[in-house]
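Visitor: Provided below: data.csv, containing CSV, C-alpha atoms.
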chain,number,residue,atom,x,y,z
A,736,VAL,CA,0.0,0.0,0.0
A,737,PHE,CA,1.6,3.2,-1.1
A,738,ALA,CA,0.5,6.5,0.4
A,739,LYS,CA,-1.3,8.2,-2.5
A,740,PRO,CA,-3.9,10.6,-1.0
A,741,GLN,CA,-7.1,11.3,-2.9
A,742,ALA,CA,-9.6,14.0,-2.2
A,743,ILE,CA,-12.9,12.2,-1.7
A,744,SER,CA,-14.5,8.8,-2.2
A,745,LEU,CA,-16.1,8.2,-5.6
A,746,PRO,CA,-19.6,6.7,-6.0
A,747,PRO,CA,-19.7,2.9,-6.3
A,748,HIS,CA,-18.3,1.6,-9.6
A,749,ALA,CA,-17.5,5.2,-10.9
A,750,GLU,CA,-14.1,4.0,-11.9
A,751,LYS,CA,-14.4,0.8,-14.0
A,752,LEU,CA,-11.3,-0.9,-15.1
A,753,PRO,CA,-11.8,-3.0,-18.3
A,754,ALA,CA,-10.7,-6.7,-17.9
A,755,PRO,CA,-12.1,-10.0,-19.2
A,756,LEU,CA,-15.0,-11.3,-17.2
A,757,LEU,CA,-14.4,-14.6,-15.5
A,758,HIS,CA,-16.7,-17.5,-15.7
A,759,ARG,CA,-19.0,-17.4,-12.6
A,760,PRO,CA,-19.2,-20.7,-10.8
A,761,ASP,CA,-22.4,-22.7,-11.2
A,762,ALA,CA,-24.9,-21.5,-8.5
A,763,ARG,CA,-25.4,-25.1,-7.3
A,764,ALA,CA,-21.7,-25.7,-6.9
A,765,ALA,CA,-20.7,-22.3,-5.7
A,766,ASN,CA,-19.3,-22.1,-2.2
A,767,ALA,CA,-17.3,-19.7,-0.2
A,768,ASP,CA,-14.0,-21.2,-1.4
A,769,SER,CA,-14.8,-21.0,-5.1
A,770,LEU,CA,-16.3,-17.5,-4.8
A,771,THR,CA,-13.2,-16.3,-2.9
A,772,ILE,CA,-10.9,-17.7,-5.5
A,773,MET,CA,-13.0,-15.9,-8.2
A,774,CYS,CA,-12.7,-12.7,-6.2
A,775,LEU,CA,-8.9,-13.1,-6.0
A,776,GLU,CA,-8.6,-13.8,-9.8
A,777,SER,CA,-10.8,-10.9,-10.7
A,778,PHE,CA,-8.9,-8.6,-8.4
A,779,ALA,CA,-5.6,-9.7,-10.0
A,780,LEU,CA,-7.0,-8.9,-13.5
A,781,GLY,CA,-8.3,-5.5,-12.4
A,782,ASN,CA,-11.9,-6.4,-12.7
A,783,LEU,CA,-12.8,-4.8,-9.3
A,784,HIS,CA,-16.6,-4.9,-9.8
A,785,VAL,CA,-16.6,-8.7,-10.3
A,786,ALA,CA,-14.2,-9.1,-7.4
A,787,GLU,CA,-16.5,-7.2,-5.1
A,788,GLU,CA,-19.5,-9.2,-6.1
A,789,ALA,CA,-17.8,-12.5,-5.7
A,790,CYS,CA,-16.3,-11.6,-2.3
A,791,SER,CA,-19.8,-10.3,-1.2
A,792,GLU,CA,-21.4,-13.6,-2.2
A,793,ALA,CA,-18.6,-15.5,-0.3
A,794,LEU,CA,-19.3,-13.4,2.8
A,795,THR,CA,-23.0,-14.1,2.5
A,796,LEU,CA,-22.2,-17.8,2.7
A,797,ASP,CA,-19.5,-17.4,5.3
A,798,PRO,CA,-19.7,-14.1,7.3
A,799,LYS,CA,-16.4,-14.8,8.9
A,800,ARG,CA,-14.4,-15.3,5.7
A,801,VAL,CA,-11.4,-13.2,6.5
A,802,ASP,CA,-9.7,-13.3,3.1
A,803,ALA,CA,-13.0,-12.1,1.4
A,804,PHE,CA,-13.1,-9.1,3.7
A,805,LYS,CA,-9.5,-8.3,2.9
A,806,LEU,CA,-9.8,-8.7,-0.9
A,807,ARG,CA,-13.0,-6.7,-1.0
A,808,GLY,CA,-11.5,-4.0,1.2
A,809,TYR,CA,-8.6,-3.5,-1.1
A,810,ALA,CA,-10.9,-3.5,-4.1
A,811,TYR,CA,-12.9,-0.7,-2.5
A,812,LEU,CA,-9.6,1.1,-1.7
A,813,MET,CA,-8.6,1.0,-5.4
A,814,GLU,CA,-12.0,2.3,-6.4
A,815,ARG,CA,-11.6,5.2,-4.0
A,816,ARG,CA,-14.5,4.0,-1.9
A,817,TYR,CA,-12.6,4.6,1.3
A,818,GLU,CA,-15.4,4.4,3.9
A,819,GLU,CA,-16.5,1.0,2.6
A,820,ALA,CA,-12.9,-0.2,2.5
A,821,ALA,CA,-12.4,0.9,6.1
A,822,SER,CA,-15.6,-0.9,7.2
A,823,ASP,CA,-14.2,-4.2,5.6
A,824,PHE,CA,-10.8,-3.8,7.2
A,825,ARG,CA,-12.4,-3.2,10.6
A,826,ALA,CA,-14.6,-6.3,10.1
A,827,GLY,CA,-11.5,-8.3,9.2
A,828,LEU,CA,-9.6,-7.1,12.3
A,829,ARG,CA,-12.5,-8.3,14.6
A,830,ILE,CA,-11.9,-11.8,13.2
A,831,HIS,CA,-8.1,-11.7,12.8
A,832,PRO,CA,-6.8,-8.9,15.1
A,833,THR,CA,-3.1,-9.5,14.3
A,834,ASP,CA,-3.2,-9.3,10.5
A,835,ASP,CA,-0.8,-6.5,9.4
A,836,GLN,CA,-2.6,-6.1,6.0
A,837,PHE,CA,-5.8,-5.1,7.7
A,838,PHE,CA,-4.0,-2.4,9.7
A,839,GLY,CA,-2.2,-1.3,6.5
A,840,GLY,CA,-5.4,-1.1,4.5
A,841,LEU,CA,-7.2,0.7,7.3
A,842,GLY,CA,-4.3,3.2,7.6
A,843,GLN,CA,-4.5,3.8,3.9
A,844,SER,CA,-8.2,4.3,4.0
A,845,PHE,CA,-7.9,6.9,6.7
A,846,SER,CA,-5.0,8.6,4.9
A,847,ASN,CA,-7.0,8.9,1.7
A,848,MET,CA,-9.9,10.4,3.6
A,849,GLY,CA,-7.6,13.0,5.2
A,850,ASP,CA,-7.7,11.7,8.7
A,851,TYR,CA,-3.9,11.6,9.0
A,852,LYS,CA,-3.7,11.1,12.8
A,853,ALA,CA,-5.9,8.0,12.7
A,854,ALA,CA,-3.9,6.8,9.7
A,855,ALA,CA,-0.6,7.1,11.5
A,856,GLY,CA,-2.0,5.1,14.4
A,857,GLN,CA,-3.0,2.2,12.1
A,858,PHE,CA,0.3,2.3,10.3
A,859,GLN,CA,2.2,2.1,13.6
A,860,LYS,CA,0.3,-1.1,14.4
A,861,ALA,CA,1.1,-2.4,10.9
A,862,VAL,CA,4.9,-1.8,11.2
A,863,ALA,CA,4.9,-3.4,14.7
A,864,LEU,CA,3.5,-6.6,13.1
A,865,ALA,CA,5.5,-6.4,9.9
A,866,PRO,CA,8.6,-4.3,10.3
A,867,ARG,CA,10.2,-5.4,7.0
A,868,LYS,CA,7.4,-4.0,4.9
A,869,ALA,CA,8.6,-0.7,3.5
A,870,ALA,CA,5.1,0.4,2.3
A,871,TYR,CA,3.9,0.5,5.9
A,872,TRP,CA,6.8,2.7,7.0
A,873,ASN,CA,6.1,4.9,4.0
A,874,GLY,CA,2.5,5.2,4.9
A,875,LEU,CA,3.4,6.1,8.4
A,876,CYS,CA,5.8,8.7,7.2
A,877,TRP,CA,3.3,10.3,4.9
A,878,ALA,CA,0.4,10.3,7.4
A,879,GLN,CA,2.6,11.7,10.2
A,880,ALA,CA,4.0,14.4,7.9
A,881,ALA,CA,0.5,15.3,6.6
A,882,SER,CA,-0.7,15.7,10.2
A,883,GLY,CA,2.1,18.2,10.8
A,884,GLU,CA,3.0,16.6,14.1
A,885,LYS,CA,6.0,14.5,15.3
A,886,LEU,CA,8.0,15.3,12.2
A,887,ASP,CA,11.1,13.7,13.7
A,888,LYS,CA,9.2,10.4,13.9
A,889,ALA,CA,7.9,10.9,10.4
A,890,LEU,CA,11.5,11.4,9.2
A,891,GLU,CA,12.6,8.2,11.0
A,892,ALA,CA,9.8,6.2,9.3
A,893,CYS,CA,10.8,7.5,5.8
A,894,ASP,CA,14.4,6.7,6.4
A,895,ARG,CA,13.4,3.2,7.4
A,896,ALA,CA,11.3,2.8,4.3
A,897,ILE,CA,14.2,4.0,2.1
A,898,ARG,CA,16.6,1.6,3.7
A,899,LEU,CA,14.2,-1.3,3.0
A,900,GLU,CA,13.4,-0.3,-0.6
A,901,PRO,CA,16.0,2.3,-1.9
A,902,ASP,CA,14.7,2.1,-5.4
A,903,ALA,CA,11.0,3.0,-4.6
A,904,ALA,CA,9.9,6.5,-5.4
A,905,ALA,CA,7.2,6.8,-2.8
A,906,PRO,CA,9.4,7.1,0.4
A,907,TYR,CA,11.4,10.0,-1.3
A,908,ASN,CA,8.1,11.8,-2.0
A,909,SER,CA,7.0,11.3,1.6
A,910,ARG,CA,10.4,12.4,3.0
A,911,GLY,CA,10.2,15.5,0.7
A,912,LEU,CA,6.9,16.4,2.4
A,913,VAL,CA,8.5,15.9,5.9
A,914,LYS,CA,11.4,18.3,5.0
A,915,LEU,CA,9.0,20.7,3.4
A,916,ARG,CA,7.2,20.8,6.8
A,917,MET,CA,10.5,21.2,8.5
A,918,ARG,CA,11.3,24.1,6.2
A,919,ARG,CA,14.5,22.3,5.0
A,920,PHE,CA,13.7,23.3,1.5
A,921,LEU,CA,16.9,22.4,-0.3
A,922,GLU,CA,16.8,18.9,1.1
A,923,ALA,CA,13.1,18.6,0.3
A,924,ALA,CA,13.8,19.6,-3.4
A,925,ALA,CA,16.6,17.0,-3.5
A,926,ASP,CA,14.2,14.3,-2.3
A,927,TYR,CA,11.5,15.3,-4.7
A,928,THR,CA,14.0,15.3,-7.6
A,929,HIS,CA,15.1,11.8,-6.7
A,930,ALA,CA,11.5,10.6,-6.6
A,931,LEU,CA,10.9,12.1,-10.0
A,932,GLN,CA,14.0,10.4,-11.4
A,933,LEU,CA,12.5,7.1,-10.2
A,934,ASN,CA,9.0,7.8,-11.4
A,935,PRO,CA,8.5,11.0,-13.4
A,936,GLU,CA,4.6,10.9,-13.6
A,937,GLN,CA,3.9,12.1,-10.1
A,938,PRO,CA,2.0,15.4,-9.9
A,939,ALA,CA,2.3,15.5,-6.0
A,940,VAL,CA,6.0,15.2,-6.3
A,941,GLN,CA,6.3,17.9,-9.0
A,942,PHE,CA,4.1,20.3,-7.0
A,943,GLY,CA,6.1,19.6,-3.8
A,944,ARG,CA,9.4,20.3,-5.5
A,945,GLY,CA,7.9,23.5,-6.9
A,946,LEU,CA,7.0,24.7,-3.5
A,947,ALA,CA,10.4,23.9,-2.1
A,948,ARG,CA,12.1,25.7,-5.0
A,949,LEU,CA,9.9,28.7,-4.6
A,950,TRP,CA,11.0,29.0,-1.0
A,951,THR,CA,14.7,29.0,-2.2
A,952,ALA,CA,14.0,31.5,-5.0
A,953,ASN,CA,14.7,28.9,-7.6
A,954,LYS,CA,12.9,29.9,-10.8
A,955,GLY,CA,12.2,26.3,-11.6
A,956,GLY,CA,9.5,26.3,-8.9
A,957,ALA,CA,6.9,28.0,-11.0
A,958,SER,CA,7.3,25.6,-14.0
A,959,ASP,CA,7.2,22.6,-11.6
A,960,ILE,CA,3.8,23.8,-10.2
A,961,LEU,CA,2.5,24.4,-13.7
A,962,ALA,CA,3.5,20.9,-14.8
A,963,ALA,CA,1.8,19.4,-11.7
A,964,ARG,CA,-1.4,21.3,-12.4
A,965,GLN,CA,-1.4,20.1,-16.0
A,966,MET,CA,-1.1,16.5,-14.8
A,967,ASP,CA,-3.7,16.9,-12.0
A,968,PRO,CA,-5.8,20.1,-12.0
A,969,GLY,CA,-6.9,19.4,-8.4
A,970,ILE,CA,-3.4,19.0,-7.0
A,971,ASP,CA,-3.5,22.3,-5.0
A,972,GLY,CA,-6.2,20.9,-2.8
A,973,LEU,CA,-3.9,18.2,-1.5
A,974,PHE,CA,-1.2,20.7,-0.4
A,975,ILE,CA,-3.8,23.2,1.0
Show me this structure written as structure tokens.
Guide:
Amino acid sequence: VFAKPQAISLPPHAEKLPAPLLHRPDARAANADSLTIMCLESFALGNLHVAEEACSEALTLDPKRVDAFKLRGYAYLMERRYEEAASDFRAGLRIHPTDDQFFGGLGQSFSNMGDYKAAAGQFQKAVALAPRKAAYWNGLCWAQAASGEKLDKALEACDRAIRLEPDAAAPYNSRGLVKLRMRRFLEAAADYTHALQLNPEQPAVQFGRGLARLWTANKGGASDILAARQMDPGIDGLFI
């Protein structure tokens, strides 16, 4: 789960991803196992609507089917249906309270809804259970930085994520935000630049570097912000 904030949840199925429809199991033979397998296969192919339906049917047959809650939760998360995703992750945690993926998914749901303090709390639980997963450290870093509190802890989390996955762009983006908050603008610009070298199509990174450059009177800041707005016209809202 990479920290990638979005403004609001979308209506159900507003973002449809084309993928081949899978053959639905015969109604007489369908059981929670076969439906969960169908959910997993559909999720892997990007057919989120079919995945959600299959997992929902599996949960109707077996209300404690923990893997169905997990798959449907992440499908909702990818469709930007964050409230529904959070509900599934909470339900999964009631059944399996030591599953790091539920804490990570819940943290990402809160982060994308803008509740960064709550997100940081969930990511802290995720890293406690799975300290080798860089994505959780990155999620913790982003959420903590976005909250504007405990920036030293946010920086430690980003550094941990970078040590675990030095070639991933997301932790450099998150650390750029931390240093922007700390008013360490030259260092922030350097982190954002490195993130763009790893993955150039990132409007949040481009905008963040633009802000850092403007604070250091670097004329490239204005062009960075213009480029970010061209990629994502709503990018200003994230930083506001």
Visitor: I'd like the contact shell of Gln941 (chain A) - 10 Å cut-off, all atoms listed in the file, skipping same-chain residues fewer than 4 positions apart - returned as a list in words.
Guide: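 Answer for this query is Asn908, Ala924, Tyr927, Thr928, Ala930, Leu931, Pro935, Glu936, Gln937, Gly945, Leu946, Gly956, Ser958, Asp959, Ile960, Leu961, Ala962, Ala963, Arg964, Met966 and Ile970 of chain A.
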Visitor: Name the residues in contact with Arg825 (chain A) at a cut-off of 10 Å, using only C-alpha atoms, excluding same-chain residues fewer than 5 positions from it; report them as a PDB file with C-alpha atoms, in the frame of the given file.
Guide:
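File produced: result07.pdb:
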ATOM      1  CA  PHE A 804     -13.100  -9.100   3.700  1.00  0.00           C
ATOM      2  CA  LYS A 805      -9.500  -8.300   2.900  1.00  0.00           C
ATOM      3  CA  GLY A 808     -11.500  -4.000   1.200  1.00  0.00           C
ATOM      4  CA  GLU A 819     -16.500   1.000   2.600  1.00  0.00           C
ATOM      5  CA  ALA A 820     -12.900  -0.200   2.500  1.00  0.00           C
ATOM      6  CA  ILE A 830     -11.900 -11.800  13.200  1.00  0.00           C
ATOM      7  CA  HIS A 831      -8.100 -11.700  12.800  1.00  0.00           C
ATOM      8  CA  PRO A 832      -6.800  -8.900  15.100  1.00  0.00           C
ATOM      9  CA  PHE A 837      -5.800  -5.100   7.700  1.00  0.00           C
ATOM     10  CA  PHE A 838      -4.000  -2.400   9.700  1.00  0.00           C
ATOM     11  CA  GLY A 840      -5.400  -1.100   4.500  1.00  0.00           C
ATOM     12  CA  LEU A 841      -7.200   0.700   7.300  1.00  0.00           C
TER      13      LEU A 841
END
Visitor: In terms of the shortest atom-to-atom distance over all atoms listed in the file, which of A:Arg867, A:Arg944, A:Pro938, A:Arg895 is closest to Gly911 (chain A)?
Guide: A:Arg944
Visitor: How far is it from CA of Ser791 (chain A) to CA of Gly842 (chain A), in Å with one decimal?
Guide: 22.4 Å
Visitor: Would you mind reading off the distance between CA of Cys876 (chain A) and CA of Ala892 (chain A), one decimal, in Å?
Guide: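 A separation of 5.2 Å between them.
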Visitor: As an exercise, work out the distance from CA of Ala865 (chain A) to CA of Arg807 (chain A) in Å and give it to one decimal place.
Guide: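 A separation of 21.5 Å between them.
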Visitor: Set the distance at 12 Å and use all atoms listed in the file: which residues neighbour Val862 (chain A) once local chain neighbours fewer than 5 positions away are removed? I'd like the list as an MDAnalysis selection string.
Guide: chainID A and resid 833:839 842 855:857 867:876 892 895:896
Visitor: Find the spatial neighbours of Leu921 (chain A), counting only C-alpha atoms, within a cut-off of 8 Å - ignore same-chain residues fewer than 4 positions away - and output them as JSON, numbers by chain.
Guide: {"A": [925, 947, 948, 951]}
Visitor: Rank A:Tyr809, A:Lys799, A:Ala853, A:Glu884 by their smallest atom-to-atom distance to Leu828 (chain A), using all atoms listed in the file, and report the top residue only.
Guide: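 Answer, going by the shortest atom-to-atom distance: A:Lys799.
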Visitor: Is there a way to complete region 765-776 of chain A with all heavy atoms and then write that out as a PDB file, in the frame of the given file?
Guide:
ATOM      1  N   ALA A 765     -21.422 -23.409  -6.278  1.00  0.00           N
ATOM      2  CA  ALA A 765     -20.700 -22.300  -5.700  1.00  0.00           C
ATOM      3  C   ALA A 765     -20.643 -22.436  -4.163  1.00  0.00           C
ATOM      4  O   ALA A 765     -21.616 -22.807  -3.517  1.00  0.00           O
ATOM      5  CB  ALA A 765     -21.387 -20.976  -6.037  1.00  0.00           C
ATOM      6  N   ASN A 766     -19.480 -22.177  -3.615  1.00  0.00           N
ATOM      7  CA  ASN A 766     -19.300 -22.100  -2.200  1.00  0.00           C
ATOM      8  C   ASN A 766     -18.363 -21.003  -1.836  1.00  0.00           C
ATOM      9  O   ASN A 766     -17.846 -20.326  -2.736  1.00  0.00           O
ATOM     10  CB  ASN A 766     -18.813 -23.476  -1.634  1.00  0.00           C
ATOM     11  CG  ASN A 766     -17.543 -23.919  -2.333  1.00  0.00           C
ATOM     12  OD1 ASN A 766     -16.623 -23.110  -2.536  1.00  0.00           O
ATOM     13  ND2 ASN A 766     -17.461 -25.193  -2.697  1.00  0.00           N
ATOM     14  N   ALA A 767     -18.146 -20.781  -0.560  1.00  0.00           N
ATOM     15  CA  ALA A 767     -17.300 -19.700  -0.200  1.00  0.00           C
ATOM     16  C   ALA A 767     -15.905 -19.765  -0.714  1.00  0.00           C
ATOM     17  O   ALA A 767     -15.290 -18.757  -1.081  1.00  0.00           O
ATOM     18  CB  ALA A 767     -17.282 -19.561   1.376  1.00  0.00           C
ATOM     19  N   ASP A 768     -15.387 -20.991  -0.809  1.00  0.00           N
ATOM     20  CA  ASP A 768     -14.000 -21.200  -1.400  1.00  0.00           C
ATOM     21  C   ASP A 768     -13.949 -20.765  -2.814  1.00  0.00           C
ATOM     22  O   ASP A 768     -13.072 -19.996  -3.207  1.00  0.00           O
ATOM     23  CB  ASP A 768     -13.606 -22.643  -1.220  1.00  0.00           C
ATOM     24  CG  ASP A 768     -13.281 -23.035   0.208  1.00  0.00           C
ATOM     25  OD1 ASP A 768     -12.965 -22.123   1.001  1.00  0.00           O
ATOM     26  OD2 ASP A 768     -13.347 -24.226   0.533  1.00  0.00           O
ATOM     27  N   SER A 769     -14.860 -21.287  -3.643  1.00  0.00           N
ATOM     28  CA  SER A 769     -14.800 -21.000  -5.100  1.00  0.00           C
ATOM     29  C   SER A 769     -15.062 -19.519  -5.350  1.00  0.00           C
ATOM     30  O   SER A 769     -14.441 -18.913  -6.234  1.00  0.00           O
ATOM     31  CB  SER A 769     -15.799 -21.857  -5.844  1.00  0.00           C
ATOM     32  OG  SER A 769     -17.131 -21.588  -5.433  1.00  0.00           O
ATOM     33  N   LEU A 770     -15.962 -18.914  -4.590  1.00  0.00           N
ATOM     34  CA  LEU A 770     -16.300 -17.500  -4.800  1.00  0.00           C
ATOM     35  C   LEU A 770     -15.078 -16.622  -4.364  1.00  0.00           C
ATOM     36  O   LEU A 770     -14.788 -15.604  -5.006  1.00  0.00           O
ATOM     37  CB  LEU A 770     -17.513 -17.120  -3.995  1.00  0.00           C
ATOM     38  CG  LEU A 770     -18.829 -17.647  -4.572  1.00  0.00           C
ATOM     39  CD1 LEU A 770     -19.941 -17.550  -3.547  1.00  0.00           C
ATOM     40  CD2 LEU A 770     -19.205 -16.890  -5.846  1.00  0.00           C
ATOM     41  N   THR A 771     -14.390 -17.022  -3.303  1.00  0.00           N
ATOM     42  CA  THR A 771     -13.200 -16.300  -2.900  1.00  0.00           C
ATOM     43  C   THR A 771     -12.094 -16.365  -3.904  1.00  0.00           C
ATOM     44  O   THR A 771     -11.384 -15.385  -4.190  1.00  0.00           O
ATOM     45  CB  THR A 771     -12.733 -16.732  -1.496  1.00  0.00           C
ATOM     46  OG1 THR A 771     -13.803 -16.621  -0.552  1.00  0.00           O
ATOM     47  CG2 THR A 771     -11.569 -15.876  -1.010  1.00  0.00           C
ATOM     48  N   ILE A 772     -11.933 -17.560  -4.488  1.00  0.00           N
ATOM     49  CA  ILE A 772     -10.900 -17.700  -5.500  1.00  0.00           C
ATOM     50  C   ILE A 772     -11.293 -16.849  -6.747  1.00  0.00           C
ATOM     51  O   ILE A 772     -10.435 -16.189  -7.343  1.00  0.00           O
ATOM     52  CB  ILE A 772     -10.837 -19.210  -5.966  1.00  0.00           C
ATOM     53  CG1 ILE A 772     -10.198 -20.027  -4.838  1.00  0.00           C
ATOM     54  CG2 ILE A 772     -10.021 -19.359  -7.257  1.00  0.00           C
ATOM     55  CD1 ILE A 772     -10.269 -21.524  -5.040  1.00  0.00           C
ATOM     56  N   MET A 773     -12.567 -16.803  -7.096  1.00  0.00           N
ATOM     57  CA  MET A 773     -13.000 -15.900  -8.200  1.00  0.00           C
ATOM     58  C   MET A 773     -12.738 -14.478  -7.865  1.00  0.00           C
ATOM     59  O   MET A 773     -12.313 -13.691  -8.719  1.00  0.00           O
ATOM     60  CB  MET A 773     -14.496 -16.160  -8.450  1.00  0.00           C
ATOM     61  CG  MET A 773     -15.036 -15.318  -9.595  1.00  0.00           C
ATOM     62  SD  MET A 773     -16.801 -15.600  -9.831  1.00  0.00           S
ATOM     63  CE  MET A 773     -17.097 -14.456 -11.193  1.00  0.00           C
ATOM     64  N   CYS A 774     -12.980 -14.101  -6.624  1.00  0.00           N
ATOM     65  CA  CYS A 774     -12.700 -12.700  -6.200  1.00  0.00           C
ATOM     66  C   CYS A 774     -11.233 -12.394  -6.346  1.00  0.00           C
ATOM     67  O   CYS A 774     -10.876 -11.337  -6.869  1.00  0.00           O
ATOM     68  CB  CYS A 774     -13.146 -12.577  -4.716  1.00  0.00           C
ATOM     69  SG  CYS A 774     -12.803 -10.951  -4.003  1.00  0.00           S
ATOM     70  N   LEU A 775     -10.367 -13.310  -5.927  1.00  0.00           N
ATOM     71  CA  LEU A 775      -8.900 -13.100  -6.000  1.00  0.00           C
ATOM     72  C   LEU A 775      -8.491 -12.965  -7.499  1.00  0.00           C
ATOM     73  O   LEU A 775      -7.731 -12.065  -7.853  1.00  0.00           O
ATOM     74  CB  LEU A 775      -8.182 -14.246  -5.366  1.00  0.00           C
ATOM     75  CG  LEU A 775      -6.660 -14.264  -5.512  1.00  0.00           C
ATOM     76  CD1 LEU A 775      -6.050 -13.010  -4.920  1.00  0.00           C
ATOM     77  CD2 LEU A 775      -6.080 -15.511  -4.859  1.00  0.00           C
ATOM     78  N   GLU A 776      -8.987 -13.865  -8.357  1.00  0.00           N
ATOM     79  CA  GLU A 776      -8.600 -13.800  -9.800  1.00  0.00           C
ATOM     80  C   GLU A 776      -9.091 -12.542 -10.435  1.00  0.00           C
ATOM     81  O   GLU A 776      -8.364 -11.917 -11.223  1.00  0.00           O
ATOM     82  CB  GLU A 776      -9.167 -15.052 -10.487  1.00  0.00           C
ATOM     83  CG  GLU A 776      -8.514 -16.361 -10.054  1.00  0.00           C
ATOM     84  CD  GLU A 776      -9.172 -17.581 -10.676  1.00  0.00           C
ATOM     85  OE1 GLU A 776     -10.318 -17.449 -11.164  1.00  0.00           O
ATOM     86  OE2 GLU A 776      -8.545 -18.652 -10.675  1.00  0.00           O
TER      87      GLU A 776
END
